[in-house]
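Peer 1: So here's entry_10.csv, just CSV, C-alpha atoms and all ligand atoms:
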```csv
chain,number,residue,atom,x,y,z
U,1,MET,CA,1.3,-54.1,-66.5
U,2,ALA,CA,-1.6,-51.9,-67.5
U,3,SER,CA,-0.7,-48.3,-68.3
U,4,SER,CA,-2.9,-45.3,-68.1
U,5,ARG,CA,-1.0,-43.6,-70.9
U,6,THR,CA,-3.1,-42.9,-74.0
U,7,PHE,CA,-1.4,-43.9,-77.3
U,8,LYS,CA,-3.4,-41.4,-79.3
U,9,GLN,CA,-1.2,-38.3,-79.3
U,10,GLU,CA,-2.1,-35.1,-81.2
U,11,LEU,CA,0.5,-33.9,-83.5
U,12,VAL,CA,1.8,-30.5,-84.5
U,13,GLY,CA,5.3,-29.5,-85.7
U,14,VAL,CA,7.5,-27.4,-87.8
U,15,PHE,CA,8.7,-27.9,-91.4
U,16,GLY,CA,12.0,-26.3,-92.4
U,17,PHE,CA,15.2,-26.9,-94.2
U,18,PRO,CA,17.6,-27.3,-92.6
U,19,VAL,CA,16.1,-27.3,-89.1
U,20,ALA,CA,19.0,-28.1,-86.8
U,21,GLU,CA,18.9,-24.6,-85.3
U,22,ASN,CA,15.2,-24.3,-84.7
U,23,PRO,CA,14.5,-23.8,-81.0
U,24,THR,CA,10.7,-23.9,-81.2
U,25,GLN,CA,10.3,-27.5,-80.2
U,26,ALA,CA,12.3,-26.8,-77.0
U,27,MET,CA,9.6,-24.3,-75.8
U,28,ILE,CA,6.4,-25.9,-77.1
U,29,GLU,CA,6.7,-29.5,-75.8
U,30,PRO,CA,7.2,-28.3,-72.2
U,31,ALA,CA,4.2,-26.0,-72.6
U,32,PHE,CA,2.0,-28.9,-73.7
U,33,ALA,CA,3.3,-31.0,-70.8
U,34,ASP,CA,2.6,-28.2,-68.3
U,35,MET,CA,-1.0,-27.9,-69.8
U,36,GLY,CA,-1.5,-31.6,-69.2
U,37,LEU,CA,-1.8,-32.2,-73.0
U,38,ASP,CA,-0.4,-35.4,-74.5
U,39,TRP,CA,0.6,-33.6,-77.7
U,40,ARG,CA,3.9,-33.8,-79.6
U,41,TYR,CA,5.6,-31.0,-81.6
U,42,LEU,CA,7.8,-32.6,-84.2
U,43,THR,CA,10.7,-30.8,-86.0
U,44,VAL,CA,10.7,-32.1,-89.5
U,45,GLU,CA,13.3,-31.5,-92.2
U,46,VAL,CA,11.4,-30.9,-95.5
U,47,ARG,CA,13.2,-30.0,-98.7
U,48,PRO,CA,11.6,-27.4,-100.9
U,49,GLU,CA,10.6,-30.1,-103.5
U,50,GLY,CA,8.9,-32.1,-100.8
U,51,LEU,CA,6.7,-29.4,-99.3
U,52,ALA,CA,3.5,-30.3,-101.2
U,53,ASP,CA,3.8,-33.9,-100.0
U,54,ALA,CA,4.6,-32.9,-96.4
U,55,VAL,CA,1.5,-30.7,-96.3
U,56,ARG,CA,-0.6,-33.5,-97.8
U,57,GLY,CA,0.9,-35.9,-95.2
U,58,ALA,CA,0.0,-33.5,-92.3
U,59,ARG,CA,-3.5,-33.3,-93.6
U,60,ALA,CA,-3.8,-37.1,-94.1
U,61,MET,CA,-2.5,-37.8,-90.6
U,62,ASN,CA,-4.8,-35.3,-89.1
U,63,TRP,CA,-2.1,-33.1,-87.6
U,64,ARG,CA,-3.7,-30.2,-85.6
U,65,GLY,CA,-1.4,-27.7,-87.4
U,66,PHE,CA,2.2,-26.8,-88.0
U,67,ASN,CA,4.7,-24.0,-88.2
U,68,LEU,CA,6.8,-23.2,-91.3
U,69,THR,CA,10.3,-21.8,-91.2
U,70,ILE,CA,12.9,-21.0,-93.8
U,71,PRO,CA,12.4,-21.6,-96.8
U,72,HIS,CA,8.7,-22.5,-96.8
U,73,LYS,CA,6.9,-19.5,-95.5
U,74,VAL,CA,5.8,-18.2,-98.9
U,75,ALA,CA,5.8,-21.4,-100.9
U,76,VAL,CA,3.3,-23.1,-98.5
U,77,VAL,CA,0.5,-20.6,-99.4
U,78,GLU,CA,-0.6,-22.4,-102.6
U,79,HIS,CA,-1.1,-25.7,-100.6
U,80,LEU,CA,-3.5,-24.2,-98.1
U,81,ASP,CA,-7.3,-23.8,-98.2
U,82,ARG,CA,-7.4,-20.2,-97.0
U,83,LEU,CA,-5.4,-17.4,-95.2
U,84,SER,CA,-6.1,-15.1,-92.3
U,85,PRO,CA,-6.3,-11.4,-93.4
U,86,ALA,CA,-2.9,-10.7,-91.9
U,87,ALA,CA,-1.2,-13.7,-93.6
U,88,GLU,CA,-2.9,-12.6,-96.9
U,89,ALA,CA,-1.5,-9.0,-96.5
U,90,ILE,CA,2.0,-10.2,-95.4
U,91,GLY,CA,2.1,-12.8,-98.2
U,92,ALA,CA,3.7,-15.4,-95.9
U,93,VAL,CA,2.6,-18.1,-93.5
U,94,ASN,CA,4.4,-19.4,-90.4
U,95,CYS,CA,1.5,-21.1,-88.7
U,96,VAL,CA,-1.1,-23.4,-90.1
U,97,ILE,CA,-4.3,-24.5,-88.2
U,98,HIS,CA,-6.1,-27.6,-89.3
U,99,ARG,CA,-9.7,-27.0,-88.4
U,100,ASP,CA,-12.9,-28.8,-89.7
U,101,GLY,CA,-10.8,-30.4,-92.5
U,102,ALA,CA,-9.4,-27.1,-93.7
U,103,LEU,CA,-5.8,-25.9,-93.6
U,104,ILE,CA,-5.8,-22.2,-92.6
U,105,GLY,CA,-2.6,-20.2,-92.9
U,106,ASP,CA,-1.8,-17.4,-90.4
U,107,ASN,CA,1.3,-15.4,-89.5
U,108,THR,CA,2.2,-15.2,-85.8
U,109,ASP,CA,5.6,-13.4,-86.1
U,110,GLY,CA,4.0,-9.9,-86.2
U,111,LYS,CA,1.3,-10.9,-83.7
U,112,GLY,CA,4.0,-12.0,-81.2
U,113,PHE,CA,5.5,-8.6,-81.6
U,114,LEU,CA,2.2,-6.8,-81.1
U,115,GLN,CA,1.6,-8.8,-77.9
U,116,SER,CA,5.0,-7.7,-76.6
U,117,ILE,CA,4.3,-4.0,-77.3
U,118,SER,CA,0.8,-4.0,-76.0
U,119,SER,CA,2.1,-4.6,-72.5
U,120,GLU,CA,3.8,-1.2,-72.8
U,121,ARG,CA,1.5,1.1,-74.7
U,122,ALA,CA,-1.4,1.2,-77.2
U,123,VAL,CA,-0.4,0.9,-80.8
U,124,ALA,CA,-3.0,3.3,-82.2
U,125,GLY,CA,-1.4,6.4,-83.6
U,126,ILE,CA,2.1,5.3,-82.9
U,127,ARG,CA,5.0,6.5,-85.1
U,128,ALA,CA,7.2,3.5,-85.9
U,129,VAL,CA,10.6,3.1,-87.5
U,130,ILE,CA,11.4,-0.4,-88.8
U,131,LEU,CA,15.0,-1.3,-89.6
U,132,GLY,CA,15.1,-4.0,-92.3
U,133,ALA,CA,12.6,-5.1,-94.9
U,134,GLY,CA,12.8,-8.9,-94.8
U,135,GLY,CA,10.2,-11.4,-93.6
U,136,ALA,CA,10.2,-10.3,-89.9
U,137,ALA,CA,10.0,-6.6,-90.9
U,138,ARG,CA,7.1,-7.3,-93.3
U,139,ALA,CA,5.1,-9.2,-90.6
U,140,ILE,CA,5.7,-6.6,-88.0
U,141,GLY,CA,5.0,-3.7,-90.4
U,142,VAL,CA,1.7,-5.1,-91.6
U,143,GLU,CA,0.5,-6.0,-88.1
U,144,LEU,CA,1.5,-2.6,-86.7
U,145,ALA,CA,-0.4,-0.9,-89.5
U,146,LEU,CA,-3.5,-3.2,-89.2
U,147,ALA,CA,-3.5,-2.4,-85.4
U,148,GLY,CA,-3.7,1.4,-86.2
U,149,ALA,CA,-0.2,2.8,-86.2
U,150,GLY,CA,-0.2,6.4,-87.3
U,151,HIS,CA,3.0,6.4,-89.4
U,152,VAL,CA,5.6,3.8,-90.4
U,153,THR,CA,9.1,4.4,-91.8
U,154,VAL,CA,10.9,1.4,-93.4
U,155,VAL,CA,14.7,1.8,-93.4
U,156,ASN,CA,16.7,-0.6,-95.5
U,157,ARG,CA,20.1,-0.7,-97.2
U,158,THR,CA,18.7,-2.4,-100.4
U,159,ALA,CA,16.4,0.3,-101.9
U,160,GLU,CA,14.2,-2.0,-104.0
U,161,ARG,CA,13.3,-4.3,-101.1
U,162,GLY,CA,12.7,-1.4,-98.7
U,163,ALA,CA,10.5,0.6,-101.2
U,164,LEU,CA,8.5,-2.5,-102.0
U,165,LEU,CA,7.7,-3.1,-98.3
U,166,ALA,CA,6.8,0.5,-97.7
U,167,ARG,CA,4.4,0.4,-100.7
U,168,LEU,CA,2.9,-2.9,-99.6
U,169,ILE,CA,2.1,-1.5,-96.1
U,170,ARG,CA,0.6,1.7,-97.5
U,171,ASP,CA,-1.4,-0.1,-100.2
U,172,ARG,CA,-2.7,-2.9,-97.9
U,173,THR,CA,-3.6,-0.8,-94.9
U,174,GLY,CA,-3.8,2.9,-95.9
U,175,VAL,CA,-1.3,3.9,-93.2
U,176,PRO,CA,1.1,6.6,-94.3
U,177,THR,CA,4.4,4.7,-94.8
U,178,GLU,CA,7.7,6.0,-96.2
U,179,PHE,CA,10.9,4.4,-97.2
U,180,ALA,CA,14.3,5.7,-96.1
U,181,LEU,CA,17.5,4.4,-97.7
U,182,TRP,CA,20.0,3.1,-95.0
U,183,GLU,CA,23.4,4.8,-95.7
U,184,GLY,CA,25.8,5.4,-92.9
U,185,LYS,CA,24.4,5.9,-89.4
U,186,TYR,CA,20.7,6.3,-89.5
U,187,ARG,CA,19.3,9.3,-87.6
U,188,ILE,CA,16.0,8.4,-86.0
U,189,PRO,CA,13.4,11.1,-86.9
U,190,GLU,CA,12.3,13.3,-84.0
U,191,GLY,CA,8.8,12.3,-82.8
U,192,SER,CA,9.4,8.6,-83.3
U,193,ASP,CA,7.8,6.5,-80.6
U,194,LEU,CA,9.1,3.1,-81.5
U,195,VAL,CA,12.2,1.7,-83.3
U,196,ILE,CA,12.4,-2.0,-84.2
U,197,ASN,CA,15.5,-3.8,-85.3
U,198,ALA,CA,14.1,-6.3,-87.8
U,199,THR,CA,17.4,-7.1,-89.4
U,200,SER,CA,19.6,-10.1,-88.5
U,201,ILE,CA,22.4,-7.8,-87.1
U,202,GLY,CA,23.4,-9.0,-83.7
U,203,LEU,CA,22.3,-12.6,-84.1
U,204,PHE,CA,24.5,-15.3,-82.4
U,205,PRO,CA,27.4,-15.7,-83.0
U,206,ASP,CA,28.0,-12.1,-84.2
U,207,ILE,CA,26.7,-10.7,-80.9
U,208,GLU,CA,28.8,-7.5,-80.8
U,209,ALA,CA,27.9,-6.4,-84.4
U,210,GLU,CA,26.8,-2.8,-84.3
U,211,ILE,CA,23.5,-1.6,-85.8
U,212,PRO,CA,24.3,1.6,-87.8
U,213,ILE,CA,22.1,4.1,-86.0
U,214,ASP,CA,23.1,7.4,-84.5
U,215,LEU,CA,22.7,6.7,-80.8
U,216,ALA,CA,22.4,10.5,-80.1
U,217,THR,CA,19.0,10.3,-81.8
U,218,VAL,CA,17.8,7.5,-79.4
U,219,ARG,CA,15.9,9.4,-76.8
U,220,PRO,CA,14.7,8.4,-73.3
U,221,GLY,CA,11.1,7.1,-73.3
U,222,MET,CA,11.3,5.7,-76.8
U,223,ILE,CA,10.4,2.1,-77.2
U,224,ILE,CA,13.3,0.1,-78.7
U,225,SER,CA,12.6,-3.4,-79.8
U,226,ASP,CA,14.9,-6.0,-81.2
U,227,VAL,CA,13.7,-9.1,-83.0
U,228,ILE,CA,17.0,-11.0,-82.3
U,229,PRO,CA,16.0,-13.8,-79.9
U,230,ASN,CA,19.5,-15.2,-79.4
U,231,PRO,CA,21.0,-13.5,-77.4
U,232,ALA,CA,18.1,-11.8,-75.8
U,233,ARG,CA,20.3,-9.0,-74.4
U,234,THR,CA,21.7,-7.7,-77.6
U,235,ARG,CA,24.0,-4.8,-77.9
U,236,LEU,CA,21.0,-2.6,-79.0
U,237,VAL,CA,19.0,-3.8,-76.0
U,238,ARG,CA,21.8,-2.9,-73.6
U,239,GLU,CA,22.5,0.5,-75.2
U,240,ALA,CA,18.8,1.4,-75.3
U,241,GLU,CA,18.4,0.5,-71.6
U,242,GLU,CA,21.4,2.8,-70.7
U,243,LYS,CA,19.6,5.6,-72.6
U,244,GLY,CA,16.4,5.2,-70.5
U,245,CYS,CA,14.3,3.6,-73.3
U,246,ILE,CA,11.6,1.0,-72.9
U,247,VAL,CA,13.1,-2.2,-74.3
U,248,LEU,CA,11.4,-5.2,-75.8
U,249,ASP,CA,13.6,-8.2,-76.6
U,250,GLY,CA,13.3,-10.8,-79.3
U,251,LEU,CA,13.0,-13.7,-76.9
U,252,GLY,CA,9.7,-12.2,-75.6
U,253,MET,CA,8.5,-11.9,-79.2
U,254,LEU,CA,9.5,-15.5,-80.0
U,255,ILE,CA,7.7,-16.8,-76.9
U,256,ASN,CA,4.6,-14.8,-77.7
U,257,GLN,CA,4.5,-16.2,-81.3
U,258,GLY,CA,4.8,-19.7,-79.9
U,259,LEU,CA,2.1,-18.9,-77.3
U,260,ILE,CA,-0.2,-17.6,-80.0
U,261,GLY,CA,0.4,-20.8,-82.1
U,262,ILE,CA,-0.5,-23.0,-79.1
U,263,ARG,CA,-3.7,-20.9,-78.5
U,264,LEU,CA,-4.7,-21.3,-82.2
U,265,TRP,CA,-4.2,-25.1,-82.1
U,266,THR,CA,-5.5,-25.9,-78.7
U,267,GLY,CA,-7.8,-23.1,-77.8
U,268,ARG,CA,-6.0,-22.7,-74.5
U,269,ASP,CA,-3.2,-20.4,-73.2
U,270,PRO,CA,0.1,-21.9,-72.0
U,271,ARG,CA,2.2,-20.3,-69.2
U,272,PRO,CA,4.8,-18.0,-70.8
U,273,ALA,CA,7.2,-18.5,-67.9
U,274,ILE,CA,7.5,-22.3,-68.7
U,275,MET,CA,8.3,-21.5,-72.3
U,276,ARG,CA,10.9,-18.8,-71.4
U,277,GLN,CA,12.7,-21.2,-69.0
U,278,ALA,CA,12.8,-23.9,-71.6
U,279,LEU,CA,14.1,-21.6,-74.3
U,280,GLU,CA,16.8,-20.1,-72.1
U,281,LYS,CA,18.2,-23.6,-71.6
U,282,VAL,CA,18.9,-24.0,-75.3
U,283,LEU,CA,19.7,-20.4,-76.3
U,284,ALA,CA,22.9,-18.5,-75.5
U,285,THR,CA,21.1,-15.9,-73.4
E,301,LIG,P1,15.5,-11.7,-94.0
E,301,LIG,O1,16.8,-12.4,-94.5
E,301,LIG,O2,14.3,-11.9,-94.7
E,301,LIG,O3,15.8,-10.1,-93.9
E,301,LIG,C1,16.9,-9.6,-93.3
E,301,LIG,C2,16.9,-8.1,-93.3
E,301,LIG,O4,18.0,-7.6,-92.6
E,301,LIG,C3,17.0,-7.5,-94.7
E,301,LIG,O5,16.2,-6.3,-94.7
E,301,LIG,C4,18.5,-7.1,-94.8
E,301,LIG,O6,18.7,-6.0,-95.6
E,301,LIG,C5,18.8,-6.7,-93.4
E,301,LIG,N1,20.2,-6.8,-93.0
E,301,LIG,C6,20.9,-8.0,-92.8
E,301,LIG,N2,22.2,-7.7,-92.5
E,301,LIG,C7,22.3,-6.3,-92.6
E,301,LIG,C8,23.4,-5.4,-92.4
E,301,LIG,N3,24.6,-5.8,-92.0
E,301,LIG,N4,23.1,-4.1,-92.5
E,301,LIG,C9,21.9,-3.6,-92.8
E,301,LIG,N5,20.8,-4.4,-93.0
E,301,LIG,C10,21.0,-5.8,-92.9
E,301,LIG,O7,15.4,-12.2,-92.5
E,301,LIG,P2,14.1,-12.3,-91.6
E,301,LIG,O8,13.4,-11.0,-91.7
E,301,LIG,O9,13.4,-13.6,-91.8
E,301,LIG,O10,14.8,-12.4,-90.1
E,301,LIG,C11,15.5,-11.3,-89.5
E,301,LIG,C12,15.8,-11.6,-88.1
E,301,LIG,O11,14.6,-11.7,-87.4
E,301,LIG,C13,16.5,-12.9,-87.9
E,301,LIG,O12,17.6,-12.7,-87.1
E,301,LIG,C14,15.5,-13.8,-87.1
E,301,LIG,O13,16.1,-14.6,-86.2
E,301,LIG,C15,14.6,-12.7,-86.5
E,301,LIG,N6,13.2,-13.2,-86.2
E,301,LIG,C16,12.8,-13.2,-84.9
E,301,LIG,C17,11.6,-13.6,-84.6
E,301,LIG,C18,11.1,-13.6,-83.2
E,301,LIG,O14,10.1,-14.2,-82.9
E,301,LIG,N7,11.9,-13.1,-82.3
E,301,LIG,C19,10.6,-14.1,-85.7
E,301,LIG,C20,11.1,-14.0,-87.0
E,301,LIG,C21,12.4,-13.6,-87.2
E,301,LIG,P3,18.8,-6.2,-97.3
E,301,LIG,O15,17.4,-6.2,-97.7
E,301,LIG,O16,19.5,-4.9,-97.7
E,301,LIG,O17,19.6,-7.4,-97.5
```
Would you mind writing the file out in structure tokens?

Peer 2:
Amino acid sequence: MASSRTFKQELVGVFGFPVAENPTQAMIEPAFADMGLDWRYLTVEVRPEGLADAVRGARAMNWRGFNLTIPHKVAVVEHLDRLSPAAEAIGAVNCVIHRDGALIGDNTDGKGFLQSISSERAVAGIRAVILGAGGAARAIGVELALAGAGHVTVVNRTAERGALLARLIRDRTGVPTEFALWEGKYRIPEGSDLVINATSIGLFPDIEAEIPIDLATVRPGMIISDVIPNPARTRLVREAEEKGCIVLDGLGMLINQGLIGIRLWTGRDPRPAIMRQALEKVLAT
């Protein structure tokens, strides 16, 4: 019997190692289907020593692009043709676009965060406190500064890593950025507009783990953001809501970064509600 189904599917995907826990496929394939696109998003386990071949393979098979997760976000840079200004400043790539024969590296982690916050207030002039200095903190810090933040404080328990990130943001963007060593309960400086948990504290299964901040310094009207996507309603999110803060959860950020990736690959916007529904099915929210 004749079928109307086309057998030429466009391919995108994610390279990681290991990849068992990666939920991205769960939200991206339903978004493609909802958009009427016969595209596949493949989750591919790539060992570090196989990354160069995997990238060559994606290029040879004309993949439209791919995501990178741990441990490939920095290592992939040398296999690409060029980087977006943000990926260049961040020094890490989580999204590659294959356009006109070139592999272009971008970073959507921080952009996903920016999209979340822009629904609440303008970033220009904002005074931000970032808890953590890993990959997520770096992406968020650079994007916030590039978007015109007025001041950034990086708070981290490991001094070297925290000081390095503060210097990177200051040198790359010119935005005044300071480092604060995280010892005991951190007191959020008066005048802060935005506090972001960019550590892994609170990630499933350690969902009741407490972020060492002095809750008395969390004031009504502050924007409190948590990068933890699973669960979406972290302890910090719940406590900040009780304090009368504006709250941004990590699930929204994850959906936004997926949405931005789809936009970069297809030139079209998916429906975020479809992606949230699909993700909530696989995450312990
Ligand atoms: P990294 O391992 O690169 O960095 C982790 C950071 O958390 C470090 O600064 C580390 O401090 C700090 N940290 C961890 N445990 C503690 C603790 N008990 N007390 C104080 N500081 C702590 O991880 P990533 O930046 O890649 O990821 C962080 C989180 O962000 C993950 O949970 C990930 O799921 C989430 N994420 C969410 C995204 C989204 O779209 N929602 C996108 C990307 C990431 P130190 O330097 O001292 O070790």

Peer 1: Using all atoms listed in the file - which residues lie no farther than 10 Å from the point (13.8, 0.5, -92.3) in the file's frame? Write them as a PyMOL selection string.

Peer 2: chain U and resi 128-134+137+141+152-159+162-163+165-166+178-182+186+195-199

Peer 1: Find the spatial neighbours of Asp109 in chain U, counting only C-alpha atoms, within a cut-off of 7 Å - ignore same-chain residues fewer than 6 positions away - and output them as a PDB file with C-alpha atoms, in the frame of the given file.

Peer 2:
```
ATOM      1  CA  ALA U 136      10.200 -10.300 -89.900  1.00  0.00           C
ATOM      2  CA  ALA U 139       5.100  -9.200 -90.600  1.00  0.00           C
ATOM      3  CA  GLN U 257       4.500 -16.200 -81.300  1.00  0.00           C
TER       4      GLN U 257
END
```

Peer 1: With a distance cut-off of 8 Å and only C-alpha atoms, select the neighbouring residues of Gly105 in chain U, excluding the residue or stretch itself and same-chain residues fewer than 3 positions from it, and output the selection as a count of residues only.

Peer 2: 12

Peer 1: Using only C-alpha atoms, which protein or nucleic acid residues come within 9 Å of Asp193 in chain U? Drop anything in the same chain fewer than 3 positions from it, and give the result as a PDB file with C-alpha atoms, in the frame of the given file.

Peer 2:
```pdb
ATOM      1  CA  ILE U 126       2.100   5.300 -82.900  1.00  0.00           C
ATOM      2  CA  ARG U 127       5.000   6.500 -85.100  1.00  0.00           C
ATOM      3  CA  ALA U 128       7.200   3.500 -85.900  1.00  0.00           C
ATOM      4  CA  VAL U 129      10.600   3.100 -87.500  1.00  0.00           C
ATOM      5  CA  GLU U 190      12.300  13.300 -84.000  1.00  0.00           C
ATOM      6  CA  GLY U 221      11.100   7.100 -73.300  1.00  0.00           C
ATOM      7  CA  MET U 222      11.300   5.700 -76.800  1.00  0.00           C
ATOM      8  CA  ILE U 223      10.400   2.100 -77.200  1.00  0.00           C
ATOM      9  CA  ILE U 224      13.300   0.100 -78.700  1.00  0.00           C
TER      10      ILE U 224
END
```

Peer 1: Which one of U:Thr43, U:Asn67, U:Gln9, U:Asn256 sits closest to ligand LIG 301 (chain E) if you count only C-alpha atoms and all ligand atoms?

Peer 2: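 For ligand LIG 301 (chain E), the nearest of the given residues is U:Asn256.
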
Peer 1: Taking into account all atoms listed in the file, which residue in the set U:Gly174, U:Gly148, U:Gly261, U:Gly50 is nearest to ligand LIG 301 (chain E)?

Peer 2: U:Gly261

Peer 1: Can you work out the spacing between atom C13 of ligand LIG 301 (chain E) and CA of Glu208 in chain U in Å, to one decimal?

Peer 2: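 The value is 15.2 Å.
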
Peer 1: Which of these residues is nearest to Val76 in chain U, using all atoms listed in the file: U:Val46, U:Phe17, U:Met35, U:Ala92?

Peer 2: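 Closest to Val76 in chain U, using all atoms listed in the file: U:Ala92.
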
Peer 1: Show which residues sit within 12 Å of Arg268 in chain U, as a list in words. Count only C-alpha atoms, and ignore same-chain residues fewer than 2 positions away.

Peer 2: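 The residues that qualify are Ala31, Phe32, Asp34, Met35, Gly36, Leu37, Leu259, Ile260, Gly261, Ile262, Arg263, Leu264, Trp265, Thr266, Pro270 and Arg271 of chain U.
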
Peer 1: What's the separation between CA of Gly135 in chain U and atom O10 of ligand LIG 301 (chain E), in Å to one decimal place?

Peer 2: 5.9 Å

Peer 1: Can you tell me which residues surround Arg187 in chain U at a distance of at most 7 Å, considering all atoms listed in the file, apart from same-chain residues fewer than 5 positions away, and format the answer as a list in words?

Peer 2: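 Close residues of Arg187 in chain U: Ile213, Asp214 and Thr217 of chain U.
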
Peer 1: As an exercise, work out the distance from CA of Leu279 in chain U to atom C12 of ligand LIG 301 (chain E) in Å and give it to one decimal place.

Peer 2: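 Atom C12 of ligand LIG 301 (chain E) lies at a distance of 17.1 Å from CA of Leu279 in chain U.
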